[in-house]
Amino acid sequence: MFTDTDSAPRTSPRYTAQWFFDLLRPVLRHDLPASLVVFLVALPLSLGIAVASGAPVASGLVAAVVGGIVGGALGGSVLQVSGPAAGLTVVVASTIAQFGWATTCFITVAAGVLQVLFGFSRIARAALGIAPVVVHAMLAGIGITIALQQIHVLLGGSARSSAWHNVLELPGQLVHSHGPAVLIGGVVIAILLGWRYLPARVRVVPGPLVAVTVGTVLSLVLPVDVGRIPLNGSLFDEIALPRLPEGDWFAVSVTVLTVALIASVQSLLSAVAVDKMHGGERTDFDRELLGQGTANVISGLFGGLPVAGVIVRSSANVDAGARSRASAVLHGIWILVFSVALVGVVRQIPTAALAGLLIVIGIQLVKLAHIRLAHRTRDLVVYTVTVAGVVFLNLLQGVLIGLALAFGLLLWRVVRAHIVAKPWPDGEFGDQWLVTIEGSCTFLALPKLTSELAKVPAGAVVRLEMSVDFLDHAAYEMIEEWVGRHRNSGGVVEFVELGPVRMATATAGPPTRGHARNDEGTGPARRTGHRDDPVVAGISAYHRAHAHPTRPHVDGPRDHHEAETLFLTCSDARIVPNVITNSDPGDLFTVRNVGNLVPIGNGDSSVEAALVYALEKLDVRTVVVCGHSGCGAMDALLRAVQTGQALGEWLAHARPSLAQFRVGHPVARAAAAAGFGEVDQLAMVNVALQLETLHAHPAVHRGMRERGVEVRGLFFDIATARVIEVTVDGLAHFDETPSPIAAESV
């Protein structure tokens, strides 16, 4: 039933109003409240980052406004919130000290242009290839630097020019600390550290806002004299235009690249983290760089700090229930309104309160989880060196040193080989030596390889186990020469090759990693060099690659037979029972014949003999009949192909299956409904009739009654490599997900 509104033309004012209301409703319900939360979080952070950078206070507000409105509207992440970032504090502070504020604004504009070029060149995902341990260490180094700077501000002094000076002069600053500033900063720190332990209904209000507000109120109530934020006039009065640098363009270019890379990497990593927090639209990384670059161009033109995606604000946005980019845009509007209308409130905030806020932010950038991860992955050296470089040199040098060290460590891990030669007293041939080679065996491993092989005495029986993913020609020749000398001295060498790279193909072309060569063929003869006899070649390949891992599986049942399942299937070579049942040697007592038939009582006793032996001697618990798609026996039966006498007499045992198929057996109907052709339908019906024959056999019937023996039918679909269960009157999948076949089952 349609209402008048539903039937209104799309161009009518009534339809337009309804469309606009439907579009606006989720914004009012979800994004508007979330934007207020993000605004309350972003306001003190933006002021604090500006103060920590040594930039005009208004620059932090400008960056927050532009990051929210421009970055939120144009960026590729729907729920990410952009603004001035703590990760850029160190580089911005050094840039201001070297070039001045106006030139820093120019550098911000140029970095934005470079980010836009990054976005158009579609290389955004390449930034995600930076080792995470270096990124974590970079953030930790920035956090430590911020904390060292702001401790001096909290104590009533001013930050020094370098981390060394901040550390060296800290004792003197402690002696001459300013009591009221310490009190206010300490209160802010205490509130921020304890905020997470308060009830959830209290934590609805952002902790940074509460902490800075309490610190400001204390500074106004108590009879103390503390430094406050130096903001003169409104936000528009503080706007500064960028200025071209006066010489040293190389240093300016390096700084532009540094700002662009750090802002890009931080924004992309933050976007990845935000994507993990919600189930909505995923980030377009190239568009994200376009949005961030545009925001930086505008922020720099209006005298703002560099802009980047910020995880603190973004996580607050997601947690507050934001659904679209409208939340980020609205948060920028609220900061703009506040900065213009309530600038007097900003001037009352004590710098010690913001120092306490920044100290906590800096400490939180050093995450114990990242340190533990670096320790587990043995990257702690990279983490420590990168942190030290960022803190005591500068951010760019620290990151470059960390990347170089991470790459060197990666190279060492990739190319190194673990080589050990030792006596093996438990070997099968008495006094035996075991030589293991694992990893990447290259010319770099030749010294280690030579020294270990020299330990093996002449004439010894040697098992050479190779589990390598890379083998170059130098290592191959070294091993081959040693094997030849050892065998000439009367020794024995047995190769066990467990890795993806084989000795037999090492000279077939350039070395490849982790897989067999494309030109080595598919058969065992081609793989091992036995081109005339595939059986001999297969046995040789088995000894070299599969005998060793197979031994533990056959060691238990080597003296007795304890199969739990009789598996009767077709002789077709494409059916491998142990593979499709994921079973080990000794699990299946297998019987194979053409068409997987059970001709009991019809002149053939081989199947019945195996059946009785399995049930009464092996005590099997399951009897399985398995057919398959594209069965040649069923095809010959269906098309009445003229065969030789022996095959014709054998296929006569399957004629009852053909008769049931022609009259529309339930299994045939289920198979047809599932899209199988006539040959496969007949094969499934044949399995169902063999199940009926088994149920009628006295030994099977007795086993089912006395020991709970189960009789199952299977059908292996070669095209999809899937196994379907066949019952006497239907089909079923082994998967839990309902399917058309399962729906046809009775």
# chains A, B, ... in the order shown; residues from 1 in each chain; ligands from 1
call {"tool": "select_by_dssp", "arguments": {"residues": "range 559-620 of chain A", "states": "strand (DSSP E)", "output": "VMD selection string"}}
result
chain A and resid 565 to 570 588 to 593
call {"tool": "write_last_selection", "arguments": {"atoms": "N, CA, C and O atoms", "output": "mmCIF file, in the first residue's frame"}}
result
data_model
loop_
_atom_site.group_PDB
_atom_site.id
_atom_site.type_symbol
_atom_site.label_atom_id
_atom_site.label_comp_id
_atom_site.auth_asym_id
_atom_site.auth_seq_id
_atom_site.Cartn_x
_atom_site.Cartn_y
_atom_site.Cartn_z
ATOM 1 N N THR A 565 38.820 -48.519 8.700
ATOM 2 C CA THR A 565 37.841 -48.299 7.633
ATOM 3 C C THR A 565 38.154 -49.187 6.440
ATOM 4 O O THR A 565 39.312 -49.277 6.008
ATOM 5 N N LEU A 566 37.137 -49.866 5.916
ATOM 6 C CA LEU A 566 37.218 -50.535 4.625
ATOM 7 C C LEU A 566 36.760 -49.528 3.578
ATOM 8 O O LEU A 566 35.637 -49.017 3.644
ATOM 9 N N PHE A 567 37.631 -49.210 2.645
ATOM 10 C CA PHE A 567 37.337 -48.189 1.637
ATOM 11 C C PHE A 567 37.311 -48.858 0.276
ATOM 12 O O PHE A 567 38.341 -49.248 -0.266
ATOM 13 N N LEU A 568 36.119 -48.989 -0.312
ATOM 14 C CA LEU A 568 35.950 -49.625 -1.614
ATOM 15 C C LEU A 568 35.697 -48.522 -2.634
ATOM 16 O O LEU A 568 34.737 -47.761 -2.506
ATOM 17 N N THR A 569 36.546 -48.421 -3.638
ATOM 18 C CA THR A 569 36.413 -47.356 -4.620
ATOM 19 C C THR A 569 36.797 -47.852 -5.996
ATOM 20 O O THR A 569 37.233 -49.011 -6.159
ATOM 21 N N CYS A 570 36.671 -46.974 -6.973
ATOM 22 C CA CYS A 570 36.951 -47.320 -8.363
ATOM 23 C C CYS A 570 38.456 -47.414 -8.595
ATOM 24 O O CYS A 570 39.259 -46.847 -7.852
ATOM 25 N N LEU A 588 43.328 -46.967 6.251
ATOM 26 C CA LEU A 588 42.332 -47.480 5.307
ATOM 27 C C LEU A 588 42.724 -48.860 4.790
ATOM 28 O O LEU A 588 43.873 -49.076 4.402
ATOM 29 N N PHE A 589 41.779 -49.773 4.801
ATOM 30 C CA PHE A 589 41.919 -51.069 4.130
ATOM 31 C C PHE A 589 41.192 -50.902 2.794
ATOM 32 O O PHE A 589 39.964 -50.886 2.736
ATOM 33 N N THR A 590 41.963 -50.749 1.711
ATOM 34 C CA THR A 590 41.407 -50.286 0.443
ATOM 35 C C THR A 590 41.194 -51.433 -0.531
ATOM 36 O O THR A 590 42.081 -52.277 -0.729
ATOM 37 N N VAL A 591 40.018 -51.435 -1.147
ATOM 38 C CA VAL A 591 39.671 -52.385 -2.207
ATOM 39 C C VAL A 591 39.257 -51.570 -3.424
ATOM 40 O O VAL A 591 38.432 -50.656 -3.312
ATOM 41 N N ARG A 592 39.823 -51.878 -4.584
ATOM 42 C CA ARG A 592 39.527 -51.112 -5.785
ATOM 43 C C ARG A 592 39.115 -52.058 -6.901
ATOM 44 O O ARG A 592 39.713 -53.122 -7.092
ATOM 45 N N ASN A 593 38.109 -51.639 -7.645
ATOM 46 C CA ASN A 593 37.739 -52.359 -8.856
ATOM 47 C C ASN A 593 37.054 -51.392 -9.812
ATOM 48 O O ASN A 593 36.742 -50.255 -9.454
#
call {"tool": "select_by_dssp", "arguments": {"residues": "range 37-187 of chain A", "states": "helix (DSSP H, G or I)", "output": "ChimeraX atom specification"}}
result
/A:37-53,57-74,86-99,101-121,124-129,132-154,163-168,170-175,179-187
call {"tool": "atom_distance", "arguments": {"atom1": "CA of Pro656 in chain A", "atom2": "CA of Val728 in chain A"}}
result
13.9 Å
call {"tool": "residues_around", "arguments": {"residues": "Ala111 in chain A", "least_positions_apart": "4", "cutoff": "8 Å", "atoms": "only C-alpha atoms", "output": "list of chain:residue names"}}
result
A:Ile107, A:Gln115, A:Val256, A:Leu257, A:Val259, A:Ala260, A:Gly293, A:Asn296, A:Val297
call {"tool": "closest_residue", "arguments": {"among": "A:Val360, A:Leu597, A:Leu244, A:Leu682", "to": "Thr108 in chain A", "atoms": "only C-alpha atoms"}}
result
A:Leu244
call {"tool": "atom_distance", "arguments": {"atom1": "CA of Met277 in chain A", "atom2": "CA of Val90 in chain A"}}
result
28.5 Å
call {"tool": "atom_distance", "arguments": {"atom1": "CA of Ser59 in chain A", "atom2": "CA of Leu305 in chain A"}}
result
5.4 Å
call {"tool": "closest_residue", "arguments": {"among": "A:Ala110, A:Ala460, A:Ala308, A:Met478", "to": "Leu268 in chain A", "atoms": "only C-alpha atoms"}}
result
A:Ala308
call {"tool": "residues_around", "arguments": {"residues": "Arg287 in chain A", "least_positions_apart": "5", "cutoff": "7 Å", "atoms": "only C-alpha atoms", "output": "list in words"}}
result
Gly75, Gly76 and Gly119 of chain A
call {"tool": "residues_around", "arguments": {"residues": "Asp31 in chain A", "least_positions_apart": "4", "cutoff": "7 Å", "atoms": "only C-alpha atoms", "output": "list in words"}}
result
Val27, Ser35, Ala322, Arg323, Ser324, Ala326 and Ser327 of chain A
call {"tool": "residues_around", "arguments": {"residues": "Ala633 in chain A", "least_positions_apart": "3", "cutoff": "9 Å", "atoms": "only C-alpha atoms", "output": "list in words"}}
result
Val594, Gly595, Gly630, Ala636, Leu637, Leu638, Leu651 and Ala683 of chain A
call {"tool": "closest_residue", "arguments": {"among": "A:Gln348, A:Gln645, A:Ser270, A:Ser489", "to": "Arg228 in chain A", "atoms": "only C-alpha atoms"}}
result
A:Gln348
call {"tool": "closest_residue", "arguments": {"among": "A:Leu241, A:Val493, A:Ala320, A:Leu168", "to": "Ala102 in chain A", "atoms": "only C-alpha atoms"}}
result
A:Leu241
call {"tool": "residues_around", "arguments": {"residues": "Phe443 in chain A", "least_positions_apart": "3", "cutoff": "8 Å", "atoms": "only C-alpha atoms", "output": "MDAnalysis selection string"}}
result
chainID A and resid 446 472 474:475
call {"tool": "closest_residue", "arguments": {"among": "A:Val414, A:Val620, A:Leu405, A:Val625", "to": "Gly389 in chain A", "atoms": "only C-alpha atoms"}}
result
A:Leu405
